[in-house]
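The next block holds one structure in the form of structure tokens; read it before the comments.
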Amino acid sequence: MTSRDMQIERRSDISPKEFIKSYLGKNRPVVITDAMRDWKIASVWSPEYFQKTLGSMKVTLQGDFFSPMEKQTLSDYIAALPEYESHVDENGRVSRTLPYLRYSVKPEMEQDFGAEALKVAQGMWSRPYFMPARGYLYPMAGLFHSDPTQERYPGFGVYISPRGAITKLHQDGDLSNAILCQVYGRKRCFLFPPECEPSLPKDREFLLRKVEDINIHRRPTYGSAEPLETILEAGDILFIPRSWFHEVYTLGRSVSLTYNFVHMSEAFKTFGPHAPWPPSILKLHLDHQLRRMRNRRKQAA
Ligand SMILES: O=C(O)CCC(=O)C(=O)O
């Protein structure tokens with residue numbers, strides 16, 4: 001493979017029809033470079049913006065995966081970013097696990113940064129124009145119509161990370177696709193197709209990889225598996241198709257917005273172990289409704 005073949009395709013001005021036909025339907029990743037052009041958050045969001053608007057919130061920070069590591073106020077976390085970044089040398093080597101703000105893994109137990117950020121962002125972003133307006137099987141709100149700016153999509157999160165922070169290799173759950181919107185800063189993303197699974201570390205072995213082995217300027221090596229890669233610049237949106245493994249390195253202090261979904265066009269077309277079969281969609285749907293109920297109860301209390 002040439003280095004060009006290893007790059008994820010970059011596109012602009014692409015209709016929902018083409019997105020469904022060429023990427024969602026084919027389970028192929030793509031970067032869309034012009035989908036944030038009308039989003040106000042693209043010119044407003046930065047770590048300092050959140051320090052000003054939500055600084056007093058207590059947030060749970062994670063490490064290079066999704067388990068909780070420590071709690072701080074958001075303001076203290078943002079103030080500490082330069083110190084965390086001092087643990088990355090000029091060659092890209094990272095000498096310790098850096099705290100990463102992702103979505104809360106226990107939103108029912110604590111104030112959830114993603115939910116608060118979503119409220120603050122009302123009217124400042126919209127469904128990316130290349131995404132279909134209807135036909136979502138998950139999350140399903142109203143009659144197949146979902147609006148990610150109103151609905152707490154599964155996996156919805158506003159992520160803040162210092163240069164050198166990483167998200168280790170993983171596959172998103174429930175056979176769902178992910179949208180990763182790079183609002184501020186830069187990230188390097190490596191995507192391994194589902195067929196690579198036999199060459200990748202089994203179960204959670206990859207979580208044991210030592211941080212000393214991480215260099216944000218190097219491609220991760222997992223046996224013979226070859227990833228596609230891309231550098232996400234501010235304004236880019238990456239489509240991560242279902243069952244693709246991904247590992248993400250923060251190259252420059254970053255704020256991203258991300259959420260997951262399943263669309264009708266892929267659900268009944270694909271068969272085999274990586275197809276979002278109706279039972280898994282039903283489970284997703286029930287989980288989602290339960291979460292909505294809990295959130296409503298929490299808000300009413
Ligand atoms: O941005 C990151 O660090 C990880 C993103 C990710 O894993 C996702 O959006 O599913």
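For the structure tokens, the naming scheme is as follows: chains receive sequential letters (A, B, ...) according to their order of presentation, residues are indexed from 1 within each chain, and ligands are indexed from 1 in presentation order.
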Nearby polymer residues, ligand 1, at most 7 Å, only C-alpha atoms and all ligand atoms, as a PDB file with C-alpha atoms, in the first residue's frame:
```pdb
ATOM      1  CA  TYR A 159     -14.301  15.839  24.517  1.00  0.00           C
ATOM      2  CA  ILE A 166      -4.761   9.332  23.521  1.00  0.00           C
ATOM      3  CA  THR A 167      -7.798   7.104  23.181  1.00  0.00           C
ATOM      4  CA  ASP A 172     -17.713   1.402  19.434  1.00  0.00           C
ATOM      5  CA  ALA A 178     -19.703   7.350  15.103  1.00  0.00           C
ATOM      6  CA  ILE A 179     -19.418  10.944  13.994  1.00  0.00           C
ATOM      7  CA  LEU A 180     -16.354  12.747  15.341  1.00  0.00           C
ATOM      8  CA  HIS A 246      -9.938   3.091  16.125  1.00  0.00           C
ATOM      9  CA  GLU A 247      -7.116   4.706  18.083  1.00  0.00           C
ATOM     10  CA  VAL A 248      -6.897   8.495  18.365  1.00  0.00           C
ATOM     11  CA  TYR A 249      -3.977  10.773  19.317  1.00  0.00           C
ATOM     12  CA  THR A 250      -4.460  14.427  20.235  1.00  0.00           C
ATOM     13  CA  SER A 256     -14.392  17.582  19.750  1.00  0.00           C
ATOM     14  CA  THR A 258     -19.045  13.083  19.024  1.00  0.00           C
ATOM     15  CA  TYR A 259     -22.129  10.855  18.881  1.00  0.00           C
TER      16      TYR A 259
END
```
Give the alpha helix (DSSP H) residues of region 100-244 of chain A, as DSSP finds them on the backbone, and put them as JSON, numbers by chain. {"A": [113, 114, 115, 116, 117, 118, 119, 120]}
Could you save those same residues with all heavy atoms as a PDB file, in the first residue's frame?
```
ATOM      1  N   PHE A 113     -20.870  16.609  31.947  1.00  0.00           N
ATOM      2  CA  PHE A 113     -20.351  17.736  31.165  1.00  0.00           C
ATOM      3  C   PHE A 113     -20.969  17.795  29.763  1.00  0.00           C
ATOM      4  O   PHE A 113     -21.371  18.859  29.294  1.00  0.00           O
ATOM      5  CB  PHE A 113     -18.819  17.658  31.082  1.00  0.00           C
ATOM      6  CG  PHE A 113     -18.238  18.675  30.147  1.00  0.00           C
ATOM      7  CD1 PHE A 113     -18.365  20.036  30.406  1.00  0.00           C
ATOM      8  CD2 PHE A 113     -17.580  18.283  28.987  1.00  0.00           C
ATOM      9  CE1 PHE A 113     -17.851  20.988  29.531  1.00  0.00           C
ATOM     10  CE2 PHE A 113     -17.057  19.225  28.109  1.00  0.00           C
ATOM     11  CZ  PHE A 113     -17.196  20.580  28.388  1.00  0.00           C
ATOM     12  N   GLY A 114     -21.089  16.626  29.108  1.00  0.00           N
ATOM     13  CA  GLY A 114     -21.650  16.591  27.748  1.00  0.00           C
ATOM     14  C   GLY A 114     -23.052  17.195  27.708  1.00  0.00           C
ATOM     15  O   GLY A 114     -23.377  17.972  26.808  1.00  0.00           O
ATOM     16  N   ALA A 115     -23.878  16.822  28.709  1.00  0.00           N
ATOM     17  CA  ALA A 115     -25.266  17.318  28.740  1.00  0.00           C
ATOM     18  C   ALA A 115     -25.274  18.830  28.936  1.00  0.00           C
ATOM     19  O   ALA A 115     -26.046  19.549  28.294  1.00  0.00           O
ATOM     20  CB  ALA A 115     -26.030  16.627  29.862  1.00  0.00           C
ATOM     21  N   GLU A 116     -24.410  19.323  29.815  1.00  0.00           N
ATOM     22  CA  GLU A 116     -24.362  20.772  30.071  1.00  0.00           C
ATOM     23  C   GLU A 116     -23.857  21.519  28.834  1.00  0.00           C
ATOM     24  O   GLU A 116     -24.383  22.562  28.460  1.00  0.00           O
ATOM     25  CB  GLU A 116     -23.448  21.072  31.275  1.00  0.00           C
ATOM     26  CG  GLU A 116     -23.962  20.505  32.588  1.00  0.00           C
ATOM     27  CD  GLU A 116     -25.396  20.924  32.897  1.00  0.00           C
ATOM     28  OE1 GLU A 116     -25.687  22.121  32.795  1.00  0.00           O
ATOM     29  OE2 GLU A 116     -26.217  20.043  33.226  1.00  0.00           O
ATOM     30  N   ALA A 117     -22.830  20.957  28.196  1.00  0.00           N
ATOM     31  CA  ALA A 117     -22.273  21.600  26.999  1.00  0.00           C
ATOM     32  C   ALA A 117     -23.318  21.643  25.884  1.00  0.00           C
ATOM     33  O   ALA A 117     -23.412  22.617  25.134  1.00  0.00           O
ATOM     34  CB  ALA A 117     -21.021  20.859  26.536  1.00  0.00           C
ATOM     35  N   LEU A 118     -24.129  20.573  25.794  1.00  0.00           N
ATOM     36  CA  LEU A 118     -25.191  20.513  24.775  1.00  0.00           C
ATOM     37  C   LEU A 118     -26.204  21.647  25.000  1.00  0.00           C
ATOM     38  O   LEU A 118     -26.656  22.281  24.053  1.00  0.00           O
ATOM     39  CB  LEU A 118     -25.883  19.147  24.852  1.00  0.00           C
ATOM     40  CG  LEU A 118     -26.899  18.802  23.776  1.00  0.00           C
ATOM     41  CD1 LEU A 118     -26.274  18.788  22.398  1.00  0.00           C
ATOM     42  CD2 LEU A 118     -27.530  17.440  24.049  1.00  0.00           C
ATOM     43  N   LYS A 119     -26.529  21.904  26.285  1.00  0.00           N
ATOM     44  CA  LYS A 119     -27.474  22.995  26.576  1.00  0.00           C
ATOM     45  C   LYS A 119     -26.872  24.331  26.148  1.00  0.00           C
ATOM     46  O   LYS A 119     -27.523  25.150  25.507  1.00  0.00           O
ATOM     47  CB  LYS A 119     -27.746  23.052  28.086  1.00  0.00           C
ATOM     48  CG  LYS A 119     -28.731  22.028  28.566  1.00  0.00           C
ATOM     49  CD  LYS A 119     -29.063  22.272  30.039  1.00  0.00           C
ATOM     50  CE  LYS A 119     -29.361  20.964  30.735  1.00  0.00           C
ATOM     51  NZ  LYS A 119     -29.072  20.983  32.163  1.00  0.00           N
ATOM     52  N   VAL A 120     -25.601  24.536  26.479  1.00  0.00           N
ATOM     53  CA  VAL A 120     -24.950  25.804  26.148  1.00  0.00           C
ATOM     54  C   VAL A 120     -24.847  25.988  24.622  1.00  0.00           C
ATOM     55  O   VAL A 120     -24.849  27.104  24.115  1.00  0.00           O
ATOM     56  CB  VAL A 120     -23.526  25.858  26.798  1.00  0.00           C
ATOM     57  CG1 VAL A 120     -22.776  27.095  26.388  1.00  0.00           C
ATOM     58  CG2 VAL A 120     -23.624  25.789  28.312  1.00  0.00           C
TER      59      VAL A 120
END
```
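CA of Leu101 (chain A) is positioned 14.7 Å from CA of Ser56 (chain A).
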When DSSP works through the backbone of this structure, what residues of region 159-269 of chain A end up as strand (DSSP E), shown as a PDB file with C-alpha atoms, in the first residue's frame?
```pdb
ATOM      1  CA  TYR A 159     -14.301  15.839  24.517  1.00  0.00           C
ATOM      2  CA  ILE A 160     -11.489  18.042  25.772  1.00  0.00           C
ATOM      3  CA  SER A 161      -7.897  16.803  25.685  1.00  0.00           C
ATOM      4  CA  ILE A 166      -4.761   9.332  23.521  1.00  0.00           C
ATOM      5  CA  THR A 167      -7.798   7.104  23.181  1.00  0.00           C
ATOM      6  CA  LYS A 168      -6.546   3.557  22.900  1.00  0.00           C
ATOM      7  CA  LEU A 169      -7.724   1.102  20.311  1.00  0.00           C
ATOM      8  CA  HIS A 170     -11.393   0.169  20.634  1.00  0.00           C
ATOM      9  CA  GLN A 171     -14.549  -0.592  18.687  1.00  0.00           C
ATOM     10  CA  ASN A 177     -21.417   4.294  13.650  1.00  0.00           C
ATOM     11  CA  ALA A 178     -19.703   7.350  15.103  1.00  0.00           C
ATOM     12  CA  ILE A 179     -19.418  10.944  13.994  1.00  0.00           C
ATOM     13  CA  LEU A 180     -16.354  12.747  15.341  1.00  0.00           C
ATOM     14  CA  CYS A 181     -16.485  16.519  14.830  1.00  0.00           C
ATOM     15  CA  GLN A 182     -13.168  18.273  15.362  1.00  0.00           C
ATOM     16  CA  VAL A 183     -14.226  21.688  16.589  1.00  0.00           C
ATOM     17  CA  TYR A 184     -10.891  22.988  17.907  1.00  0.00           C
ATOM     18  CA  GLY A 185      -7.310  21.682  17.657  1.00  0.00           C
ATOM     19  CA  ARG A 186      -6.018  18.589  15.844  1.00  0.00           C
ATOM     20  CA  LYS A 187      -6.169  14.825  16.172  1.00  0.00           C
ATOM     21  CA  ARG A 188      -4.548  11.891  14.407  1.00  0.00           C
ATOM     22  CA  CYS A 189      -6.937   8.994  13.905  1.00  0.00           C
ATOM     23  CA  PHE A 190      -6.072   5.410  12.971  1.00  0.00           C
ATOM     24  CA  LEU A 191      -8.891   3.165  11.770  1.00  0.00           C
ATOM     25  CA  PHE A 192      -8.593  -0.610  11.361  1.00  0.00           C
ATOM     26  CA  LEU A 228      -6.189   3.833   7.443  1.00  0.00           C
ATOM     27  CA  GLU A 229      -5.296   7.170   8.941  1.00  0.00           C
ATOM     28  CA  THR A 230      -6.107  10.839   8.846  1.00  0.00           C
ATOM     29  CA  ILE A 231      -5.218  14.059  10.555  1.00  0.00           C
ATOM     30  CA  LEU A 232      -8.364  15.840  11.616  1.00  0.00           C
ATOM     31  CA  ILE A 237     -15.859  15.653  10.591  1.00  0.00           C
ATOM     32  CA  LEU A 238     -14.786  11.996  10.584  1.00  0.00           C
ATOM     33  CA  PHE A 239     -17.307   9.257   9.901  1.00  0.00           C
ATOM     34  CA  ILE A 240     -16.216   6.102  11.780  1.00  0.00           C
ATOM     35  CA  PHE A 245     -11.425  -0.314  15.455  1.00  0.00           C
ATOM     36  CA  HIS A 246      -9.938   3.091  16.125  1.00  0.00           C
ATOM     37  CA  GLU A 247      -7.116   4.706  18.083  1.00  0.00           C
ATOM     38  CA  VAL A 248      -6.897   8.495  18.365  1.00  0.00           C
ATOM     39  CA  TYR A 249      -3.977  10.773  19.317  1.00  0.00           C
ATOM     40  CA  THR A 250      -4.460  14.427  20.235  1.00  0.00           C
ATOM     41  CA  LEU A 251      -1.842  16.413  18.287  1.00  0.00           C
ATOM     42  CA  GLY A 252      -2.873  19.876  19.474  1.00  0.00           C
ATOM     43  CA  ARG A 253      -5.069  20.856  22.455  1.00  0.00           C
ATOM     44  CA  SER A 254      -8.501  19.790  21.367  1.00  0.00           C
ATOM     45  CA  VAL A 255     -12.278  20.112  21.690  1.00  0.00           C
ATOM     46  CA  SER A 256     -14.392  17.582  19.750  1.00  0.00           C
ATOM     47  CA  LEU A 257     -18.051  16.673  19.635  1.00  0.00           C
ATOM     48  CA  THR A 258     -19.045  13.083  19.024  1.00  0.00           C
ATOM     49  CA  TYR A 259     -22.129  10.855  18.881  1.00  0.00           C
ATOM     50  CA  ASN A 260     -23.230   7.447  17.631  1.00  0.00           C
ATOM     51  CA  PHE A 261     -26.124   6.311  15.466  1.00  0.00           C
ATOM     52  CA  VAL A 262     -27.613   3.469  13.399  1.00  0.00           C
ATOM     53  CA  HIS A 263     -29.428   4.274  10.165  1.00  0.00           C
TER      54      HIS A 263
END
```
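Candidate residues A:Lys17, A:Arg28, A:Lys52, A:Arg11 were compared for distance to Pro241 (chain A), and the nearest is A:Arg28, using only C-alpha atoms.
By only C-alpha atoms, and with residues fewer than 5 positions from Pro148 (chain A) along its chain excluded, the set lying at most 9 Å from it is Ser126, Arg127, Tyr153, Phe156 and Tyr259 of chain A.
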